[in-house]
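*Asks:* Before I ask anything, let me first share the structure, which is written out below as structure tokens.
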Amino acid sequence: MLFHLTCCYTANAVAEDKKLIILASNNIETISLEAISNLYTFRQKLMPNSERVQLTSLPLNSEDTIGFTQKFFNYYPYQLKRIWDQAIFSGKARRPKSFDNTEDLLAFIKNNDNAIGYLIIKTSELTQLKEMYNVIAIIG
Amino acid sequence: MLLRLLVNIVFLLFCVNAAGKATDDIYINAYVGVGYVYESDNNFIHSEKDSNKLIESALNLTYEYSNNISFAGQVAYREFGEYFTDKTLRIDYAKLNYTDSFINDSEQSLSIGRIKIPSGVYNSSRDTPITRPSIIMPQSAYLDLFRNLWLSTDGVMLSSSHQLTQGIVDLTLGYGKLHIDDNFSDVTLGSETSGDWAEGNITVFDLRYNSGDLLFGLSYNHVHPEYLKVSSDTLPIYPIGNKIPSISNGDVEVSTYVAFIQYNINRFEITSEYTYRDVVVSGYTPTPPNSRPMEGYYAQLKYAATSSLNLMLRHEKFYRFAESKNGLETLIGIDPAWYNNATTSSIGFNYNIDEHWSVIADIHYVEGSGWLPPFSYQVPESVEKKHWTLAAFEVVYVF
């Protein structure tokens with residue numbers, strides 16, 4: 001899976017001057033990309049601190065979700081949604097907490113423990129975002 | 001029929017109203033699917049060709065009580081022709097979960113209550129229209145005749161997931177009681193039986209490796225439900241029209257072994273499963289216990305043609321009597337091989353209109369009648385056709 005993170009990114013969804021970033025709550029110091037992949041596909045439910053993860057998501061057709069699914073999994077968003085639905089309707093997991101806009105998502109991650117999320121941002125906004133939020137990975 | 005329609009409508013409205021609502025700790029999801037099934041010949045979904053509609057719905061709720069303890073439950077209903085329609089709205093699962101990490105790089109989970117049964121790639125979500133590979137599941141592995149036996153169990157399930165350098169190994173062990181829908185008698189013994197299936201036990205074992213791109217594993221389960229006759233029971237036998245006027249109590253014991261693999265590469269998803277079932281039927285008639293190993297396997301290719309369109313191609317084989325693949329000697333002659341076997345080629349698609357709406361369709365070209373219900377007896381060639389076609393179409397709304 002990490003293969004996609006290092007050399008295969010060709011998604012059109014993220015333009016040259018944009019980055020995919022992974023954010024986490026302030027109580028999370030470090031988390032591997034493999035663990036993020038496992039959490040977002042429900043193969044893993046607990047964070048490295050053994051507490052339940054609070055997954056977040058943005059609309060499926062948003063630039064953020066398209067960029068995240070392509071870059072992280074080499075999937076289309078609907079392929080990731082199918083994995084979610086398979087777990088949700090068999091009682092293995094619950095759907096990630098969905099937000100309509102990035103402001104609400106950022107506020108949730110900032111104000112809650114054990115939350116992770118993703119965003120596509122302009123490179124020029126990166127420094128400011130890192131000062132305000134716990135950015136744990138920058139990809140692309 | 002009117003009552004059933006009313007129940008459907010009320011349940012669908014409840015799903016639409018309730019789904020999508022959630023608090024910080026409670027999560028609600030639902031789906032509603034409406035469709036149509038066409039069959040050119042034979043009696044796969046009904047004995048009379050007047051019941052082709054497909055209605056599926058489910059409403060689930062997850063409540064996270066604490067960091068380790070959660071509850072998940074789902075009510076569901078399926079109307080699928082005559083044979084595979086749930087008699088009532090049913091509790092698909094309702095379980096209490098405890099999840100923790102007792103060993104480094106691992107998670108352990110204990111579930112108590114009514115729990116979905118993991119088996120192969122799709123069993124635990126086989127009724128969910130948007131996650132199964134096609135409306136008509138590959139019967140070589142997911143025989144609808146026996147669907148009742150493997151939907152869920154009332155018992156306990158323990159699973160442990162261990163992270164490797166790449167990927168995760170997941171082991172699940174379970175034990176519980178079966179709960180069997182009344183329709184199980186119709187599809188296995190015929191419609192002229194009205195006894196009860198005592199709720200036998202099920203033992204579950206499932207071991208799988210999942211790296212995201214590659215999934216493979218082994219599943220095993222053993223079920224042993226018993227049938228308690230009533231005095232008016234009659235059992236249809238071949239030739240058609242004849243009956244055994246009085247039957248005794250009986251039981252069926254099924255041990256299922258599944259080997260499965262799924263590989264994702266670029267936009268392709270390749271899936272294959274091999275299923276072997278050791279079926280022992282005892283009682284009903286004065287004959288000694290009858291062992292009937294079944295075998296089935298399929299290979300399936302899915303291709304994400306666009307971000308919204310998935311195409312599916314599948315080929316499968318099923319043998320009702322794995323030890324008599326070339327035909328079966330009976331008291332009155334030899335049944336041709338196609339009576340007990342089935343070779344199926346399928347094509348289909350799934351189109352996601354948006355985040356909530358999907359359209360699904362598939363066509364199945366079948367040679368043989370091996371997986372047709374009722375399962376305990378067969379009908380002559382004048383009724384059962386060697387070559388036949390199944391087609392299904394469904395519109396699904398998911399919250």
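Ordered as shown in the structure tokens, chains take letters A, B, and onward, while each chain numbers its residues from 1 and ligands are numbered from 1 in the order shown.
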Would you mind listing, as a ChimeraX atom specification, all residues of chain B that have at least one atom within 7 Å of chain A, where only C-alpha atoms are what counts?
*Replies:* /B:27,62,67,72-73,100-101,116,124-125,128,130-131,212-213,266,307-308,355
*Asks:* For the residues selected in the previous step, produce a file with C-alpha atoms as an mmCIF file, in the first residue's frame.
*Replies:*
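Resulting contents of result.cif:
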data_model
loop_
_atom_site.group_PDB
_atom_site.id
_atom_site.type_symbol
_atom_site.label_atom_id
_atom_site.label_comp_id
_atom_site.auth_asym_id
_atom_site.auth_seq_id
_atom_site.Cartn_x
_atom_site.Cartn_y
_atom_site.Cartn_z
ATOM 1 C CA TYR B 27 -24.561 6.269 14.297
ATOM 2 C CA THR B 62 -24.049 1.684 16.322
ATOM 3 C CA ASN B 67 -13.563 3.563 24.397
ATOM 4 C CA ALA B 72 -24.236 -2.614 16.941
ATOM 5 C CA GLY B 73 -27.593 -3.795 15.681
ATOM 6 C CA ASP B 100 -8.905 -3.851 23.364
ATOM 7 C CA SER B 101 -5.247 -4.433 22.686
ATOM 8 C CA LYS B 116 -22.845 -12.027 11.396
ATOM 9 C CA SER B 124 -21.071 -11.294 6.260
ATOM 10 C CA SER B 125 -22.416 -8.673 3.821
ATOM 11 C CA THR B 128 -26.085 -5.689 1.189
ATOM 12 C CA ILE B 130 -23.871 -2.198 -2.733
ATOM 13 C CA THR B 131 -21.142 -4.456 -1.368
ATOM 14 C CA GLY B 212 -5.242 -3.888 1.331
ATOM 15 C CA ASP B 213 -4.163 -5.075 -2.105
ATOM 16 C CA ASN B 266 -4.753 -0.793 -10.529
ATOM 17 C CA SER B 307 -14.931 6.643 -10.948
ATOM 18 C CA SER B 308 -18.620 5.648 -10.941
ATOM 19 C CA GLU B 355 -23.073 9.221 -2.918
#
*Asks:* Tell me, as an MDAnalysis selection string, which residues lie within 10 Å of Ser185 in chain B, counting only C-alpha atoms; anything in the same chain fewer than 4 positions away does not count.
*Replies:* chainID B and resid 83 145 180:181 189:197 227 374:375
*Asks:* What would the file look like if the residues just selected were written as a compact mmCIF listing (two decimals), in the first residue's frame with N, CA and C atoms?
*Replies:*
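So the final result, stored in part.txt, reads:
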# COMPACT_ATOMS: atom_id res chain seq x y z
N TYR B 83 -38.96 -18.20 -2.87
CA TYR B 83 -38.15 -19.07 -2.03
C TYR B 83 -37.24 -18.32 -1.06
N LEU B 145 -30.00 -21.40 -1.34
CA LEU B 145 -30.76 -22.44 -0.64
C LEU B 145 -30.42 -22.52 0.83
N ILE B 180 -33.42 -20.15 12.19
CA ILE B 180 -33.74 -20.54 10.81
C ILE B 180 -35.12 -20.04 10.42
N ASP B 181 -35.17 -19.35 9.30
CA ASP B 181 -36.43 -18.83 8.77
C ASP B 181 -37.29 -20.00 8.26
N LEU B 189 -37.10 -28.98 1.62
CA LEU B 189 -37.98 -30.15 1.69
C LEU B 189 -39.22 -30.03 0.80
N GLY B 190 -39.49 -28.83 0.30
CA GLY B 190 -40.70 -28.63 -0.48
C GLY B 190 -41.76 -27.93 0.36
N SER B 191 -42.82 -27.51 -0.31
CA SER B 191 -43.81 -26.65 0.36
C SER B 191 -44.85 -27.42 1.15
N GLU B 192 -44.81 -28.76 1.10
CA GLU B 192 -45.84 -29.53 1.81
C GLU B 192 -45.34 -30.04 3.15
N THR B 193 -44.40 -29.33 3.71
CA THR B 193 -43.95 -29.64 5.06
C THR B 193 -44.18 -28.39 5.91
N SER B 194 -44.58 -28.59 7.13
CA SER B 194 -44.83 -27.43 7.99
C SER B 194 -44.28 -27.64 9.40
N GLY B 195 -43.33 -28.56 9.53
CA GLY B 195 -42.68 -28.76 10.83
C GLY B 195 -41.72 -27.62 11.15
N ASP B 196 -41.04 -27.75 12.25
CA ASP B 196 -40.12 -26.70 12.69
C ASP B 196 -38.68 -27.18 12.63
N TRP B 197 -37.79 -26.25 12.33
CA TRP B 197 -36.36 -26.53 12.41
C TRP B 197 -35.89 -26.12 13.80
N TYR B 227 -34.86 -31.19 12.10
CA TYR B 227 -36.22 -30.93 11.64
C TYR B 227 -37.21 -31.77 12.45
N PRO B 374 -36.86 -26.78 -4.99
CA PRO B 374 -36.52 -27.43 -3.73
C PRO B 374 -35.37 -28.42 -3.93
N PHE B 375 -34.62 -28.57 -2.88
CA PHE B 375 -33.33 -29.21 -3.03
C PHE B 375 -33.37 -30.71 -2.83
*Asks:* Could you go through range 179-261 of chain B and tell me which residues DSSP, when run on the backbone, assigns to strand (DSSP E or B), listing them as a ChimeraX atom specification?
*Replies:* /B:196-198,201-210,214-223,226-228,235-237,242-244,250-261
*Asks:* With only C-alpha atoms as the basis for distance, which of B:Thr188, B:Thr256, B:Asn42, B:Asn104 is at the shortest distance from Glu367 in chain B?
*Replies:*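 Once distances to Glu367 in chain B are computed over only C-alpha atoms, the minimum belongs to B:Asn42.
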*Asks:* Would you pick out the contacts of Tyr36 in chain B at 7 Å or less, using only C-alpha atoms, so that residues sharing its chain but fewer than 2 positions from it are not included, and give the list as a list in words?
*Replies:*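 Those residues are Tyr38, Asn52, Lys53, Leu54, Ala392, Phe393 and Glu394 of chain B.
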*Asks:* To one decimal in Å, tell me the separation between CA of Gly67 in chain A and CA of Gly140 in chain A.
*Replies:*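 Between CA of Gly67 in chain A and CA of Gly140 in chain A the gap works out to 9.8 Å.
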*Asks:* Which distance in Å separates CA of Asp92 in chain B and CA of Gln74 in chain B, to one decimal?
*Replies:*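 If I compute the distance from CA of Asp92 in chain B to CA of Gln74 in chain B, I get 5.4 Å.
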*Asks:* Within 10 Å of Ile36 in chain A, counting only C-alpha atoms, which residues qualify if same-chain residues fewer than 6 places away don't, as a VMD selection string?
*Replies:* chain A and resid 22 42 44 47 55 72 116 to 117
*Asks:* So that I have them on file, write out the residues from the current selection with C-alpha atoms, as a PDB file, in the first residue's frame.
*Replies:*
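Saved file out07.pdb follows:
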ATOM      1  CA  ILE A  22      -3.090  14.079   7.161  1.00  0.00           C
ATOM      2  CA  PHE A  42     -11.361  -0.746   9.105  1.00  0.00           C
ATOM      3  CA  GLN A  44      -7.639  -1.627  12.534  1.00  0.00           C
ATOM      4  CA  MET A  47      -5.004   4.103  17.616  1.00  0.00           C
ATOM      5  CA  LEU A  55     -12.206   8.832  11.677  1.00  0.00           C
ATOM      6  CA  PHE A  72      -3.418   6.643  -0.368  1.00  0.00           C
ATOM      7  CA  ILE A 116      -7.651  11.859  12.166  1.00  0.00           C
ATOM      8  CA  GLY A 117      -8.596  13.444   8.884  1.00  0.00           C
TER       9      GLY A 117
END
*Asks:* Please list as a CSV table (one decimal) with N, CA and C atoms, in the first residue's frame every residue within 10 Å of Ser57 in chain A, counting only C-alpha atoms and excluding residues in the same chain fewer than 6 positions away.
*Replies:*
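Resulting contents of result.csv:
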chain,number,residue,atom,x,y,z
A,40,TYR,N,-8.4,3.6,8.0
A,40,TYR,CA,-9.4,4.0,7.1
A,40,TYR,C,-10.1,2.9,6.3
A,64,ASP,N,-10.8,16.9,-1.9
A,64,ASP,CA,-10.1,16.3,-0.8
A,64,ASP,C,-10.2,14.8,-0.8
A,65,THR,N,-11.4,14.2,-0.9
A,65,THR,CA,-11.6,12.8,-0.8
A,65,THR,C,-11.1,12.1,-2.1
A,68,PHE,N,-7.3,12.0,-1.6
A,68,PHE,CA,-7.0,11.1,-0.5
A,68,PHE,C,-7.1,9.7,-1.0
A,95,ARG,N,-19.5,4.3,10.2
A,95,ARG,CA,-19.0,5.2,9.1
A,95,ARG,C,-18.2,6.3,9.8
A,96,PRO,N,-17.1,6.8,9.1
A,96,PRO,CA,-16.4,7.9,9.5
A,96,PRO,C,-17.3,9.1,9.7
A,97,LYS,N,-17.0,10.0,10.7
A,97,LYS,CA,-17.8,11.2,10.9
A,97,LYS,C,-17.6,12.1,9.7
A,98,SER,N,-18.8,12.4,9.1
A,98,SER,CA,-18.7,13.1,7.8
A,98,SER,C,-18.9,14.6,8.0
A,99,PHE,N,-18.2,15.4,7.3
A,99,PHE,CA,-18.3,16.9,7.4
A,99,PHE,C,-18.5,17.4,6.0
A,100,ASP,N,-19.3,18.5,5.9
A,100,ASP,CA,-19.6,19.1,4.6
A,100,ASP,C,-18.5,20.1,4.2
A,101,ASN,N,-17.8,20.6,5.2
A,101,ASN,CA,-16.7,21.6,4.9
A,101,ASN,C,-15.5,21.4,5.8
A,102,THR,N,-14.4,21.9,5.3
A,102,THR,CA,-13.1,21.7,6.0
A,102,THR,C,-13.1,22.4,7.3
A,105,LEU,N,-14.5,20.1,9.9
A,105,LEU,CA,-13.6,19.0,10.1
A,105,LEU,C,-12.4,19.4,11.0
A,116,ILE,N,-8.5,11.6,13.3
A,116,ILE,CA,-7.7,11.9,12.2
A,116,ILE,C,-8.5,12.3,11.0
A,117,GLY,N,-7.9,13.0,10.1
A,117,GLY,CA,-8.6,13.4,8.9
A,117,GLY,C,-7.6,13.8,7.8
A,118,TYR,N,-8.2,14.2,6.7
A,118,TYR,CA,-7.3,14.5,5.5
A,118,TYR,C,-7.8,15.8,4.8
A,119,LEU,N,-6.9,16.5,4.2
A,119,LEU,CA,-7.3,17.7,3.4
A,119,LEU,C,-6.4,17.9,2.2
